[in-house]
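One file, start_37.txt, is given below (compact mmCIF, C-alpha atoms).
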```txt
# COMPACT_ATOMS: atom_id res chain seq x y z
CA MET C 1 0.00 0.00 0.00
CA THR C 2 1.36 3.44 -0.96
CA LEU C 3 0.77 6.23 1.50
CA SER C 4 -0.25 9.66 0.34
CA PRO C 5 2.23 12.42 1.23
CA VAL C 6 -0.62 14.77 2.12
CA GLY C 7 -1.25 14.85 5.83
CA GLU C 8 1.54 12.42 6.70
CA ASP C 9 3.89 13.25 9.54
CA ARG C 10 6.83 12.51 7.24
CA PRO C 11 5.53 12.45 3.65
CA TRP C 12 8.74 11.13 2.08
CA ALA C 13 9.56 8.53 4.74
CA HIS C 14 7.67 5.84 2.80
CA LEU C 15 9.44 6.47 -0.53
CA SER C 16 11.69 3.77 -1.93
CA ARG C 17 15.40 4.47 -2.34
CA ALA C 18 14.90 4.88 -6.10
CA ASP C 19 12.08 7.38 -5.52
CA LEU C 20 14.22 9.29 -2.99
CA GLU C 21 17.12 9.36 -5.47
CA GLN C 22 14.78 10.74 -8.15
CA ARG C 23 13.38 13.35 -5.75
CA PHE C 24 16.93 14.32 -4.71
CA ALA C 25 18.02 14.68 -8.36
CA THR C 26 14.95 16.78 -9.15
CA LEU C 27 15.53 19.07 -6.16
CA LEU C 28 19.22 19.56 -6.98
CA ALA C 29 18.41 20.26 -10.63
CA ALA C 30 15.85 22.88 -9.62
CA HIS C 31 17.69 24.47 -6.69
CA GLY C 32 21.35 23.47 -7.12
CA PRO C 33 22.49 26.75 -8.70
CA ALA C 34 20.91 28.77 -5.87
CA LEU C 35 22.43 26.48 -3.25
CA GLY C 36 25.80 26.85 -5.00
CA ARG C 37 25.52 30.63 -4.85
CA LEU C 38 24.57 30.39 -1.18
CA ALA C 39 27.64 28.20 -0.55
CA GLY C 40 29.77 30.73 -2.45
CA SER C 41 28.57 33.53 -0.21
CA TYR C 42 30.00 31.71 2.82
CA THR C 43 33.35 30.72 1.29
CA ARG C 44 36.39 32.41 -0.21
CA GLU C 45 37.55 30.07 -2.99
CA SER C 46 35.84 27.90 -5.58
CA GLY C 47 37.28 24.74 -3.99
CA GLU C 48 35.79 25.68 -0.63
CA ARG C 49 32.49 26.53 -2.31
CA ASP C 50 32.47 23.10 -3.95
CA ASP C 51 33.27 21.40 -0.62
CA LEU C 52 30.47 23.26 1.14
CA PHE C 53 28.03 22.54 -1.69
CA GLN C 54 28.90 18.85 -1.41
CA GLU C 55 28.29 18.97 2.35
CA ILE C 56 24.94 20.65 1.68
CA ALA C 57 23.99 18.00 -0.89
CA VAL C 58 24.87 15.17 1.52
CA ALA C 59 22.87 16.83 4.29
CA VAL C 60 19.89 17.23 1.94
CA TRP C 61 20.11 13.56 0.98
CA LYS C 62 20.16 12.49 4.63
CA ALA C 63 17.27 14.80 5.53
CA LEU C 64 14.91 13.91 2.67
CA PRO C 65 13.12 11.07 4.48
CA ARG C 66 12.44 13.45 7.40
CA PHE C 67 10.78 16.15 5.27
CA ARG C 68 7.38 16.74 6.85
CA GLY C 69 5.91 19.19 4.37
CA GLU C 70 5.53 21.92 7.01
CA CYS C 71 7.27 24.38 4.68
CA SER C 72 8.07 24.55 1.00
CA GLU C 73 10.76 22.27 -0.39
CA ARG C 74 12.82 25.38 -1.23
CA THR C 75 12.66 26.61 2.37
CA PHE C 76 13.55 23.12 3.59
CA LEU C 77 16.63 23.05 1.32
CA PHE C 78 17.76 26.54 2.32
CA ARG C 79 17.35 25.73 6.01
CA ILE C 80 19.63 22.72 5.56
CA ALA C 81 22.09 24.80 3.50
CA HIS C 82 22.11 27.55 6.11
CA ASN C 83 22.79 25.09 8.94
CA ARG C 84 25.59 23.41 6.96
CA ALA C 85 27.13 26.80 6.12
CA ILE C 86 27.10 27.92 9.76
CA THR C 87 28.73 24.63 10.79
CA TYR C 88 31.26 25.05 8.00
CA LEU C 89 32.11 28.59 9.11
CA ALA C 90 32.46 27.55 12.73
CA ARG C 91 34.82 24.77 11.69
CA ARG C 92 36.90 26.90 9.33
CA ARG C 93 36.98 30.25 11.16
CA LEU C 94 37.51 32.06 7.87
CA PRO C 95 39.06 35.53 7.94
CA THR C 96 37.07 38.53 6.74
CA VAL C 97 37.59 39.24 3.05
CA GLU C 98 38.83 42.71 2.26
CA ALA C 99 37.09 44.60 -0.52
CA ASP C 100 40.22 44.75 -2.68
CA GLN C 101 40.78 40.97 -2.70
CA GLU C 102 39.92 39.20 -5.93
CA LEU C 103 36.75 37.12 -5.76
CA GLU C 104 35.34 34.60 -8.21
CA VAL C 105 31.90 35.32 -9.64
CA GLU C 106 30.71 33.16 -12.49
CA ASP C 107 28.85 35.01 -15.24
CA ALA C 108 27.76 33.39 -18.49
CA ALA C 109 26.88 36.64 -20.30
CA PRO C 110 27.76 36.38 -24.01
CA ASP C 111 28.93 40.00 -24.52
CA PRO C 112 32.54 40.35 -23.20
CA GLU C 113 32.18 44.02 -22.21
CA GLN C 114 28.88 43.45 -20.50
CA ALA C 115 30.26 40.30 -18.88
CA LEU C 116 33.25 42.23 -17.54
CA SER C 117 31.03 44.99 -16.18
CA SER C 118 28.65 42.48 -14.59
CA GLU C 119 31.56 40.53 -13.15
CA GLN C 120 33.07 43.66 -11.63
CA GLN C 121 29.72 44.68 -10.13
CA GLY C 122 29.19 41.12 -8.86
CA ASP C 123 32.69 41.09 -7.38
CA ARG C 124 32.04 44.35 -5.55
CA LEU C 125 28.67 43.17 -4.23
CA LEU C 126 30.02 39.78 -3.17
CA ALA C 127 32.98 41.42 -1.44
CA ALA C 128 30.60 43.79 0.34
CA ILE C 129 28.28 40.94 1.40
CA ARG C 130 31.25 39.00 2.75
CA ARG C 131 32.22 41.98 4.89
CA LEU C 132 28.81 41.94 6.60
CA PRO C 133 28.37 40.21 9.94
CA VAL C 134 26.99 36.70 9.34
CA ALA C 135 23.50 37.57 10.62
CA TYR C 136 23.18 40.31 7.99
CA ALA C 137 24.87 38.36 5.19
CA GLN C 138 22.40 35.53 5.72
CA VAL C 139 19.30 37.66 5.17
CA VAL C 140 20.84 39.39 2.14
CA THR C 141 21.90 36.13 0.51
CA LEU C 142 18.56 34.42 1.10
CA THR C 143 16.64 37.48 -0.10
CA LEU C 144 18.78 37.66 -3.25
CA GLU C 145 17.83 34.03 -3.88
CA GLY C 146 14.19 35.09 -3.97
CA LEU C 147 13.02 33.84 -0.59
CA SER C 148 10.21 35.82 1.01
CA TYR C 149 10.57 37.40 4.44
CA ALA C 150 8.47 34.54 5.83
CA ASP C 151 10.74 31.92 4.24
CA VAL C 152 13.91 33.70 5.39
CA ALA C 153 12.45 33.89 8.90
CA ASP C 154 11.65 30.18 8.76
CA VAL C 155 15.14 29.26 7.51
CA LEU C 156 16.92 31.37 10.14
CA GLY C 157 14.51 30.78 13.01
CA ILE C 158 13.75 34.48 13.54
CA THR C 159 10.67 36.67 13.13
CA GLU C 160 9.72 38.35 9.86
CA SER C 161 10.14 41.76 11.49
CA ASN C 162 13.66 40.76 12.52
CA VAL C 163 14.34 39.78 8.89
CA GLY C 164 13.21 43.24 7.81
CA ALA C 165 15.31 44.96 10.45
CA ARG C 166 18.41 42.95 9.56
CA LEU C 167 17.86 43.55 5.86
CA THR C 168 17.48 47.30 6.38
CA ARG C 169 20.68 47.44 8.42
CA ALA C 170 22.50 45.22 5.92
CA ARG C 171 21.47 47.48 3.03
CA GLN C 172 22.84 50.51 4.89
CA MET C 173 26.12 48.72 5.50
CA LEU C 174 26.31 47.52 1.88
CA ARG C 175 25.79 51.07 0.60
CA THR C 176 28.68 52.21 2.77
CA PHE C 177 30.93 49.31 1.70
CA LEU C 178 30.10 49.80 -1.99
CA LYS C 179 30.61 53.56 -1.77
CA ASP C 180 33.97 53.03 -0.08
CA SER C 181 35.11 50.41 -2.62
CA HIS C 182 33.97 52.55 -5.57
CA GLY C 183 35.82 55.59 -4.33
CA THR C 184 39.18 53.78 -4.00
```
Will you turn the file into structure tokens for me?
Amino acid sequence: MTLSPVGEDRPWAHLSRADLEQRFATLLAAHGPALGRLAGSYTRESGERDDLFQEIAVAVWKALPRFRGECSERTFLFRIAHNRAITYLARRRLPTVEADQELEVEDAAPDPEQALSSEQQGDRLLAAIRRLPVAYAQVVTLTLEGLSYADVADVLGITESNVGARLTRARQMLRTFLKDSHGT
């Protein structure tokens, strides 16, 4: 007998390994690029980003049978990614990146001039985000990935008003960082 995922305490707990593998592949195909960008916002080098992304993917795989459907799949994935990133940061104790350090930002724009301009703007923004305290960088990164205030609050375990307050403060700090980096 196959159980319906609707109303179950753990809707994916009954899935076969093959079904879980298919669900995992579908989720990574749909959300992998966003999770990769999130991993990149917590790391300094592409190798570290890849390591963190792999840790996130393993954590997602392990957590799939426990998904209860209390939030969207996207929120579920970002909550796992956030927790893995915080653990990763605590383990690595990465230094703060200075605005003048070179950062990698992948951009597939076909026009070389436009690609260079976008890359430079992306570099500046990423450098500025990395200078933010973690609590502010988290809300900015999740918001840039299109999560609503409610989803960001759910991922981080804070209130929506706290998300708004952190985002407002983060925007002020980013303006200052970007102004400073543009002027030098």
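A straight line drawn from atom CA of C:Leu156 to atom CA of C:His14 is 28.1 Å long.
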Find the residue from C:Asp51, C:Glu21, C:Asp123, C:Asp154 that sits nearest to C:Glu70; use all atoms listed in the file when measuring. C:Asp154
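Closest approach to C:Thr159 among C:Val139, C:Asp19, C:Leu126, C:Arg175: C:Val139, based on only C-alpha atoms.
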So which residues touch stretch 41-43 of chain C within 12 Å, counting all atoms listed in the file, skipping near sequence neighbours fewer than 3 positions away, as a compact mmCIF listing (two decimals) with C-alpha atoms, in the frame of the given file?
```
# COMPACT_ATOMS: atom_id res chain seq x y z
CA ALA C 34 20.91 28.77 -5.87
CA LEU C 35 22.43 26.48 -3.25
CA GLY C 36 25.80 26.85 -5.00
CA ARG C 37 25.52 30.63 -4.85
CA LEU C 38 24.57 30.39 -1.18
CA SER C 46 35.84 27.90 -5.58
CA GLY C 47 37.28 24.74 -3.99
CA GLU C 48 35.79 25.68 -0.63
CA ARG C 49 32.49 26.53 -2.31
CA ASP C 50 32.47 23.10 -3.95
CA ASP C 51 33.27 21.40 -0.62
CA LEU C 52 30.47 23.26 1.14
CA PHE C 53 28.03 22.54 -1.69
CA ALA C 81 22.09 24.80 3.50
CA HIS C 82 22.11 27.55 6.11
CA ASN C 83 22.79 25.09 8.94
CA ARG C 84 25.59 23.41 6.96
CA ALA C 85 27.13 26.80 6.12
CA ILE C 86 27.10 27.92 9.76
CA THR C 87 28.73 24.63 10.79
CA TYR C 88 31.26 25.05 8.00
CA LEU C 89 32.11 28.59 9.11
CA ALA C 90 32.46 27.55 12.73
CA ARG C 92 36.90 26.90 9.33
CA ARG C 93 36.98 30.25 11.16
CA LEU C 94 37.51 32.06 7.87
CA PRO C 95 39.06 35.53 7.94
CA THR C 96 37.07 38.53 6.74
CA VAL C 97 37.59 39.24 3.05
CA LEU C 103 36.75 37.12 -5.76
CA GLU C 104 35.34 34.60 -8.21
CA VAL C 105 31.90 35.32 -9.64
CA GLY C 122 29.19 41.12 -8.86
CA ASP C 123 32.69 41.09 -7.38
CA LEU C 125 28.67 43.17 -4.23
CA LEU C 126 30.02 39.78 -3.17
CA ALA C 127 32.98 41.42 -1.44
CA ALA C 128 30.60 43.79 0.34
CA ILE C 129 28.28 40.94 1.40
CA ARG C 130 31.25 39.00 2.75
CA ARG C 131 32.22 41.98 4.89
CA LEU C 132 28.81 41.94 6.60
CA PRO C 133 28.37 40.21 9.94
CA VAL C 134 26.99 36.70 9.34
CA ALA C 135 23.50 37.57 10.62
CA TYR C 136 23.18 40.31 7.99
CA ALA C 137 24.87 38.36 5.19
CA GLN C 138 22.40 35.53 5.72
CA VAL C 139 19.30 37.66 5.17
CA VAL C 140 20.84 39.39 2.14
CA THR C 141 21.90 36.13 0.51
CA LEU C 142 18.56 34.42 1.10
CA LEU C 144 18.78 37.66 -3.25
CA GLU C 145 17.83 34.03 -3.88
```
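Taking atom CA of C:Ser72 and atom CA of C:Asn162 as endpoints, the distance between them is 20.7 Å.
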When you draw a straight line from atom CA of C:Gly164 to atom CA of C:Tyr149, how long is it in Å? 7.2 Å
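Residue nearest C:Thr176, chosen from C:Arg124, C:Ala63, C:Arg17, C:Arg74 and counting all atoms listed in the file: C:Arg124.
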